[in-house]
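Worksheet for the structure shown next.
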Amino acid sequence: AEGGNRFALADPDSDARAISRHHLTHHLPAALRGAEFFIEYQPLVKMRDGSLEGAEALVRWSHPRHGVLGPDRFIPLAEHTGLIVPLGRWVLREAVRQACQWQVRGIGGARPLKVNVNLSPRQLHHPELVEDTIAVLEEAGLPPSSLCLEVTETAMIRADENELRPLRQLADLGVGIALDDFGTGYSNLANLRRLPASTLKLDRSFTQGLQRAPADPVDLKIVEGIVSLAHTLELSVTVEGVETSTQADQLRDLGCDSAQGWYYARPGPPERLPEAV
Ligand code: C2E
Ligand code: CA
Ligand code: CA
Ligand code: CA
């Protein structure tokens, strides 16, 4: 299911998971019709002054029997069945509507808050991505520059010119494009130049070595190198998974532009975002 050249070792509860995968896949369409999905928002913070910059929309499934399920449980299934297209469209519409409300209420002060929305590879390949996104923005009245679409590095580097064109069109309109989970996808670094990205989101695995002082000097050098490369390419750098003040301080000193993580705030309901200012 994950494509060629992969293998996985069976784990003890794989049978239980297999049943629930089948069950979950079967119930996804009804869950979408029945509005069982909801979105939590996790603050994105400007490192320079600690101000609130926006939030990432993270989808959850409130399953009537299994409780709240995280995206790792159902996004791969939705991707596999194609349901990710209507689900992703719902997340986009909902998140854009939410961002508009924050802006109308003046949350975040002078700078309008942004919202980040994750895009699956399947959505990237959908012919109506550009039209749909423009329609959603116009319907809500949100400026394109207040939306950032996150696409994983792996999905971006696999995309050919035809598949990158829609992202380029959206970028030309002012929509931000973030290279998500950067560092896990083995990019040919020179290739970064051809991607229509405005932000590089450094994967959590790179910042883990900086959680406690003294940090691993090699980890520090690696982050420093990535930040300097990104800035040379005029990409801003957002770091994920910041859990401690030690990490936050070091990443700020290394020149990272924005941060996200439990140190600032966990994902939560949209009403809680103003408290994160
Ligand atoms: P992601 O895009 O890398 O999102 C960040 C994940 O890290 C989130 O997990 C978030 O809750 C978690 N996180 C945030 N701060 C910290 C921290 O300080 N420490 C640790 N250990 N974790 C932290 P979550 O919400 O379970 O989402 C998992 C993945 O599911 C996301 O990874 C994203 O790839 C995907 N996803 C979520 N919502 C959507 C969606 O609407 N559409 C699509 N296509 N994918 C989504
Ligand atoms: Ca993301
Ligand atoms: Ca990420
Ligand atoms: Ca990640």
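Residues are named by chain letter and number: chains run A, B, ... in the order of the structure tokens, numbers start at 1 in each chain, and ligands are numbered from 1 in the order shown.
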Hey, which residues come within 12 Å of ligand 4 if we count only C-alpha atoms and all ligand atoms? Could you give them as an MDAnalysis selection string?
-> chainID A and resid 58 72 118 150:154 179:185 200:208 238:242 260:261
Take the residues just selected and output them with C-alpha atoms as an mmCIF file, in the first residue's frame.
```
data_model
loop_
_atom_site.group_PDB
_atom_site.id
_atom_site.type_symbol
_atom_site.label_atom_id
_atom_site.label_comp_id
_atom_site.auth_asym_id
_atom_site.auth_seq_id
_atom_site.Cartn_x
_atom_site.Cartn_y
_atom_site.Cartn_z
ATOM 1 C CA LEU A 58 -4.868 19.463 12.305
ATOM 2 C CA ASP A 72 -2.195 9.103 11.568
ATOM 3 C CA ASN A 118 -1.888 20.171 5.078
ATOM 4 C CA GLU A 150 1.870 22.415 3.631
ATOM 5 C CA VAL A 151 3.121 19.704 1.305
ATOM 6 C CA THR A 152 5.632 17.130 2.519
ATOM 7 C CA GLU A 153 9.117 17.292 1.129
ATOM 8 C CA THR A 154 8.695 13.689 -0.061
ATOM 9 C CA LEU A 179 7.862 22.123 2.495
ATOM 10 C CA ASP A 180 6.633 19.999 5.404
ATOM 11 C CA ASP A 181 8.718 17.470 7.373
ATOM 12 C CA PHE A 182 11.833 18.825 5.713
ATOM 13 C CA GLY A 183 14.910 16.677 6.180
ATOM 14 C CA THR A 184 13.110 13.340 6.048
ATOM 15 C CA GLY A 185 12.849 13.179 2.266
ATOM 16 C CA LEU A 200 10.774 25.149 4.922
ATOM 17 C CA LYS A 201 9.355 23.283 7.928
ATOM 18 C CA LEU A 202 12.200 21.512 9.634
ATOM 19 C CA ASP A 203 11.136 18.093 10.881
ATOM 20 C CA ARG A 204 10.963 17.388 14.601
ATOM 21 C CA SER A 205 13.715 14.759 14.321
ATOM 22 C CA PHE A 206 16.262 17.542 13.712
ATOM 23 C CA THR A 207 15.352 19.516 16.798
ATOM 24 C CA GLN A 208 15.200 16.584 19.230
ATOM 25 C CA THR A 238 9.708 27.061 10.711
ATOM 26 C CA VAL A 239 10.762 24.466 13.266
ATOM 27 C CA GLU A 240 8.387 21.761 14.463
ATOM 28 C CA GLY A 241 8.218 19.921 17.748
ATOM 29 C CA VAL A 242 9.739 22.561 20.019
ATOM 30 C CA GLN A 260 5.569 25.326 16.627
ATOM 31 C CA GLY A 261 5.448 22.844 19.473
#
```
Residues within 9 Å of ligand 1, counting only C-alpha atoms and all ligand atoms: report them as a CSV table (one decimal) with C-alpha atoms, in the first residue's frame.
```
chain,number,residue,atom,x,y,z
A,39,ILE,CA,-10.1,20.5,13.5
A,40,GLU,CA,-7.6,21.5,16.2
A,41,TYR,CA,-5.3,24.5,15.7
A,42,GLN,CA,-1.7,24.7,16.9
A,56,GLU,CA,-1.8,24.9,11.7
A,57,ALA,CA,-5.1,23.1,11.1
A,58,LEU,CA,-4.9,19.5,12.3
A,59,VAL,CA,-7.8,17.2,11.6
A,60,ARG,CA,-9.3,14.7,14.1
A,69,LEU,CA,-8.7,9.4,16.5
A,70,GLY,CA,-5.6,11.2,15.3
A,71,PRO,CA,-4.9,11.8,11.7
A,72,ASP,CA,-2.2,9.1,11.6
A,73,ARG,CA,-5.0,6.6,12.0
A,74,PHE,CA,-7.2,7.7,9.1
A,75,ILE,CA,-5.4,10.0,6.7
A,76,PRO,CA,-3.4,7.2,5.1
A,78,ALA,CA,-8.5,8.4,3.2
A,79,GLU,CA,-5.5,8.9,0.9
A,84,ILE,CA,-8.9,12.6,1.1
A,85,VAL,CA,-10.1,14.9,-1.7
A,87,LEU,CA,-12.1,15.5,3.4
A,88,GLY,CA,-9.2,17.8,2.5
A,89,ARG,CA,-11.6,20.2,0.8
A,90,TRP,CA,-13.7,20.3,4.0
A,91,VAL,CA,-10.6,21.0,6.1
A,92,LEU,CA,-9.5,23.8,3.8
A,117,VAL,CA,-3.5,23.5,5.9
A,118,ASN,CA,-1.9,20.2,5.1
A,119,LEU,CA,-2.2,18.8,1.5
A,120,SER,CA,-1.9,15.1,0.7
A,121,PRO,CA,-0.2,14.0,-2.5
A,122,ARG,CA,-3.5,12.9,-3.8
A,123,GLN,CA,-4.9,16.4,-3.5
A,150,GLU,CA,1.9,22.4,3.6
A,151,VAL,CA,3.1,19.7,1.3
A,152,THR,CA,5.6,17.1,2.5
A,180,ASP,CA,6.6,20.0,5.4
A,181,ASP,CA,8.7,17.5,7.4
A,201,LYS,CA,9.4,23.3,7.9
A,203,ASP,CA,11.1,18.1,10.9
A,204,ARG,CA,11.0,17.4,14.6
A,240,GLU,CA,8.4,21.8,14.5
A,241,GLY,CA,8.2,19.9,17.7
A,242,VAL,CA,9.7,22.6,20.0
A,243,GLU,CA,9.1,21.1,23.5
A,244,THR,CA,11.6,23.0,25.8
A,260,GLN,CA,5.6,25.3,16.6
A,261,GLY,CA,5.4,22.8,19.5
A,262,TRP,CA,4.2,21.9,22.9
A,263,TYR,CA,6.5,24.5,24.5
A,264,TYR,CA,4.3,27.2,23.1
A,265,ALA,CA,1.0,25.3,22.9
A,266,ARG,CA,-0.6,22.0,22.1
A,267,PRO,CA,-3.2,21.8,19.3
```
Exercise. Just list the residues in range 131-177 of chain A DSSP gives strand (DSSP E or B) on the backbone, as an MDAnalysis selection string.
Key: chainID A and resid 147:152 176:177
Residues as selected, C-alpha atoms, written as a short mmCIF file (atom, residue, chain, number, x, y, z; two decimals), in the first residue's frame, can you do that?
```
data_model
loop_
_atom_site.label_atom_id
_atom_site.label_comp_id
_atom_site.auth_asym_id
_atom_site.auth_seq_id
_atom_site.Cartn_x
_atom_site.Cartn_y
_atom_site.Cartn_z
CA LEU A 147 -3.23 30.84 3.67
CA CYS A 148 -0.24 28.51 3.64
CA LEU A 149 -0.47 25.03 2.14
CA GLU A 150 1.87 22.41 3.63
CA VAL A 151 3.12 19.70 1.30
CA THR A 152 5.63 17.13 2.52
CA GLY A 176 2.29 30.40 0.98
CA ILE A 177 3.69 26.94 0.23
#
```
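With CA of Pro214 in chain A on one side and CA of Asp253 in chain A on the other, the separation reads 14.4 Å.
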In Å to one decimal, how far is CA of Leu83 in chain A from CA of Ser20 in chain A?
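Separation between CA of Ser20 in chain A and CA of Leu83 in chain A: 17.3 Å.
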For ligand 3, which residue among A:Val223, A:Val96, A:Ala178, A:Val115 is the nearest when counting only C-alpha atoms and all ligand atoms?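 For ligand 3, the nearest of the candidates is A:Ala178.
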- Using DSSP on the backbone coordinates, identify all residues within range 32-160 of chain A classified as helix (DSSP H, G or I); present the result as a ChimeraX atom specification. /A:32-33,71-81,84-104,121-124,129-140,144-146,153-158
Dump as a compact mmCIF listing (two decimals), in the first residue's frame, selection limited to C-alpha atoms:
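File written: result_21.txt
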```
# COMPACT_ATOMS: atom_id res chain seq x y z
CA LEU A 32 -17.62 12.79 6.47
CA ARG A 33 -21.36 13.04 5.74
CA PRO A 71 -4.85 11.82 11.65
CA ASP A 72 -2.19 9.10 11.57
CA ARG A 73 -5.02 6.57 12.05
CA PHE A 74 -7.17 7.65 9.12
CA ILE A 75 -5.38 10.05 6.72
CA PRO A 76 -3.44 7.18 5.05
CA LEU A 77 -6.74 5.29 4.61
CA ALA A 78 -8.49 8.37 3.22
CA GLU A 79 -5.53 8.90 0.91
CA HIS A 80 -5.71 5.28 -0.26
CA THR A 81 -9.46 5.38 -1.01
CA ILE A 84 -8.90 12.57 1.12
CA VAL A 85 -10.09 14.85 -1.70
CA PRO A 86 -13.51 15.71 -0.19
CA LEU A 87 -12.09 15.49 3.36
CA GLY A 88 -9.21 17.80 2.46
CA ARG A 89 -11.61 20.22 0.79
CA TRP A 90 -13.68 20.27 3.98
CA VAL A 91 -10.60 20.95 6.12
CA LEU A 92 -9.53 23.77 3.77
CA ARG A 93 -12.98 25.42 3.77
CA GLU A 94 -13.33 25.11 7.53
CA ALA A 95 -9.80 26.39 8.30
CA VAL A 96 -10.15 29.33 5.91
CA ARG A 97 -13.50 30.26 7.46
CA GLN A 98 -11.87 30.09 10.89
CA ALA A 99 -8.93 32.28 9.87
CA CYS A 100 -11.39 34.84 8.56
CA GLN A 101 -13.14 34.93 11.94
CA TRP A 102 -9.83 35.47 13.74
CA GLN A 103 -9.02 38.34 11.40
CA VAL A 104 -12.44 39.93 11.76
CA PRO A 121 -0.18 13.97 -2.46
CA ARG A 122 -3.51 12.88 -3.85
CA GLN A 123 -4.87 16.42 -3.50
CA LEU A 124 -1.79 17.76 -5.20
CA LEU A 129 -6.94 22.07 -6.71
CA VAL A 130 -6.31 25.62 -7.93
CA GLU A 131 -9.94 26.41 -8.76
CA ASP A 132 -11.19 24.91 -5.49
CA THR A 133 -8.68 26.82 -3.41
CA ILE A 134 -9.44 30.14 -5.10
CA ALA A 135 -13.17 29.51 -4.69
CA VAL A 136 -12.78 28.75 -0.98
CA LEU A 137 -10.71 31.91 -0.41
CA GLU A 138 -13.15 34.10 -2.33
CA GLU A 139 -16.20 32.61 -0.64
CA ALA A 140 -14.73 33.43 2.78
CA PRO A 144 -4.48 34.45 -0.39
CA SER A 145 -1.45 35.57 1.62
CA SER A 146 -3.21 34.47 4.82
CA GLU A 153 9.12 17.29 1.13
CA THR A 154 8.69 13.69 -0.06
CA ALA A 155 5.55 14.56 -2.07
CA MET A 156 7.19 17.67 -3.54
CA ILE A 157 10.38 16.00 -4.68
CA ARG A 158 8.37 13.22 -6.32
```
Can you measure CA of Ala190 in chain A to CA of Leu167 in chain A for me? One decimal in Å is fine.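 The value is 19.0 Å.
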Between A:Leu235, A:Ala31, A:Leu44, A:Leu24, smallest distance to ligand 2 by only C-alpha atoms and all ligand atoms belongs to A:Leu44
Given the choices A:Thr25, A:Ala55, A:Ala248, A:Ala110, which gets closest to ligand 2 if the distance is worked out from only C-alpha atoms and all ligand atoms?
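The closest residue to ligand 2 is A:Ala55.
The smallest atom-to-atom distance between Val175 in chain A and any of A:Val237, A:Arg193, A:Val218, A:Asn116, using only C-alpha atoms, is found for A:Asn116.
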- Select, from A:Thr199, A:Arg165, A:Ala171, A:Ile107, the residue with the minimum atom-to-atom distance to ligand 2, counting only C-alpha atoms and all ligand atoms.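 Closest candidate: A:Thr199.
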